[in-house]
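Enquirer: What follows is a single structure, and I will ask about it in a moment.
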Amino acid sequence: MAYNNLGNLLRGMYRYDEALDCYRRALAIAPDYAAARAHKLDLEAHICDWEGIAADRAGIPRLGVESAAVPPFMMFALDDHPARHRARSERLVAETYRATPMPPSPPLPRPPHMAGRLRIGYFSADFHNHATLYLMARLFELHDRDRFAVHAYSYGPDQDDEMRRRLRGAVEVFRDVRHLGDREVAELARGDAIDIAIDLKGYTTGTRSGIFAFRPAPVQINYLGYPGTMGADFIDYIIADPVVIPARLRGAYSEKIITLPYSYMASDDRRAIADGPVTRTDMALPENAFVFACFNNSYKISADVFDIWMRLLGKVEGSVLWLLRANRWAEANLANEAARRGIDPARLIFADKLPPAEHLARQRLADMFLDTFAFNAHTTASDALWGGLPIVTKLGESFSARVAGSLLNAVGLPDLITDDEGDYERLALDLATHPEKLAAIRARLAARRLTAPLFDSARHTRHVEQGYVEAYRRHAEGLAPDHIEIAP
């Protein structure tokens, strides 16, 4: 335990090599120590140490399923199996969230048949300049104030930045609850008479899903921040769409599904794209090369997808792969892996992080976005499409492995969705070597970007609101939660 905790501390200080050594020391002492195994694997994924992951590959299906609980989010990039993701979440709940829900609050008086506004409470640690709020800000602004009273409960850092100010201006009640315990937050929400509570974090960094174990609202929903099931009896619904959770996979989710007709993902149709000139030279890209791009986090890059990427570089003369700079260990490992596959590491170009508007602007410098498999591009895919960059993706089984397909379907480019690795590679190569085909796809994206459902923030907000109303109607009529499908 001491070595595992020291590893976590060192990782927080970005001393990844020392942290990894600590996890390995913990496992040398206690090979069945599930938390240390999960932390080791997750850090190896972040630094693209695929040999380390391969050494544990046989045990990954059992980790967090047959072992003690592990952080479920860490397993998304390692195991594309939604039933096992559910088992991991349920084990985490059984071991961690033992809170006894408070007694049901007495029904509040309402005019006949739900007249009056529903009180919606959103809970998150990310109400600041963060991917969640970049996606959600417009939804907060577009909520129908005649029908909904919107509250935000923030248990993250108190940052006075642009997105936090925008949120505060969009909701009726903003509460900073950082210093309150889980039960106190739940009691506060009950005092605010919240009808529907939305967990925007799930089991991601900074989670406080324990608040929901105390039942702050009669209807509780998992939305956006966590791409999977929470496996908790205190979460009634998850918001999804027909791509991320098709009917055949509903059994892998403990929640009932609110299925939106297009994509589950919110978007901001007013997101600014920097209008200053940006050139390939500015971004250290070769002027006339074909530029494959993937701005996903390094932990999503697996050996199997990297094999394909390197074969594409080998077949498309002079092409380069543009990746997001993550950490020095990942860069060194990726360079070594490229060389092992016969590709000059100089053809991997690493992009520094930029402010959102500038990051969106540089999308146009790339020719094609290559998606990762078990854990797709999520916000990153939305960024690429909003910036005009086509994405080639492969559908997996888990929620996290189907998000880019959801976005492509909702923007009118379903032909960029593939079902297996072979089709993914063939499609990417075909588009990279037939510029007229790729140009036609880029033109379609440009034409549909402002009209397709994916970036129609008002339509998306109305669909989400319909889901809320139907979920609460079932509660008000004494009915158990059930699957809800929202019509286009």
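For the structure tokens, the naming scheme is as follows: chains receive sequential letters (A, B, ...) according to their order of presentation, residues are indexed from 1 within each chain, and ligands are indexed from 1 in presentation order.
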Skip region 36-42 of chain A itself and residues of its chain fewer than 4 positions away, then list as a PyMOL selection string all residues within 10 Å of it, counting only C-alpha atoms.
Expert: chain A and resi 1+3-5+7-8+11+19-27+30-32+46-50+52-57+59-60+63-64+69-78+299
Enquirer: Would you pick out the contacts of Val278 (chain A) at 9 Å or less, using only C-alpha atoms, so that residues sharing its chain but fewer than 2 positions from it are not included, and give the list as a list in words?
Expert: Asp275, Gly276, Arg280, Thr281, Asp282, Met283, Glu358, Ala361, Arg362 and Leu365 of chain A
Enquirer: Work out how far apart CA of Val244 (chain A) and CA of Gly405 (chain A) are and give it in Å to one decimal.
Expert: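 Straight-line distance from CA of Val244 (chain A) to CA of Gly405 (chain A) works out to 7.8 Å.
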Enquirer: Given only C-alpha atoms as the basis, pick out the residue of A:Met102, A:Lys315, A:Ile196, A:Phe290 nearest to Arg215 (chain A).
Expert: A:Met102
Enquirer: So which bits of region 83-231 of chain A end up strand (DSSP E) when you DSSP the backbone, as an NGL selection string?
Expert: :A and (118-124 or 148-154 or 173-176 or 196-199 or 219-222)
Enquirer: Go through A:Leu360, A:Ile441, A:Ala384, A:Ala87 and flag the residue nearest Ala272 (chain A), using only C-alpha atoms for the distances.
Expert: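 Smallest distance to Ala272 (chain A) is found for A:Leu360.
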Enquirer: Could you give me, as a PyMOL selection string, the residues within 12 Å of Asp423 (chain A), counting only C-alpha atoms and dropping anything in the same chain fewer than 4 positions from it?
Expert: chain A and resi 308+392-395+415-419+427-430
Enquirer: Show me, as a PyMOL selection string, the residues that have an atom within 6 Å of region 115-130 of chain A when counting only C-alpha atoms, minus same-chain residues fewer than 5 positions from it.
Expert: chain A and resi 147-156+163-164+194-201
Enquirer: Just want the 6 Å neighbourhood of region 444-457 of chain A, counted on only C-alpha atoms, with same-chain residues fewer than 4 positions away dropped. Output as a VMD selection string.
Expert: chain A and resid 267 269 410 to 411
Enquirer: Rank A:Ala252, A:Leu389, A:Ala189, A:Leu135 by their smallest atom-to-atom distance to Met230 (chain A), using only C-alpha atoms, and report the top residue only.
Expert: A:Ala252
Enquirer: What separation in Å, quoted to one decimal, exists between CA of Gly210 (chain A) and CA of Glu184 (chain A)?
Expert: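 According to the coordinates, CA of Gly210 (chain A) and CA of Glu184 (chain A) are separated by 11.1 Å.
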Enquirer: Which is closer to Val320 (chain A) than all the others in A:Arg250, A:Arg340, A:Arg347, A:Lys300, using only C-alpha atoms?
Expert: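 Distance minimum relative to Val320 (chain A) lands on A:Arg347.
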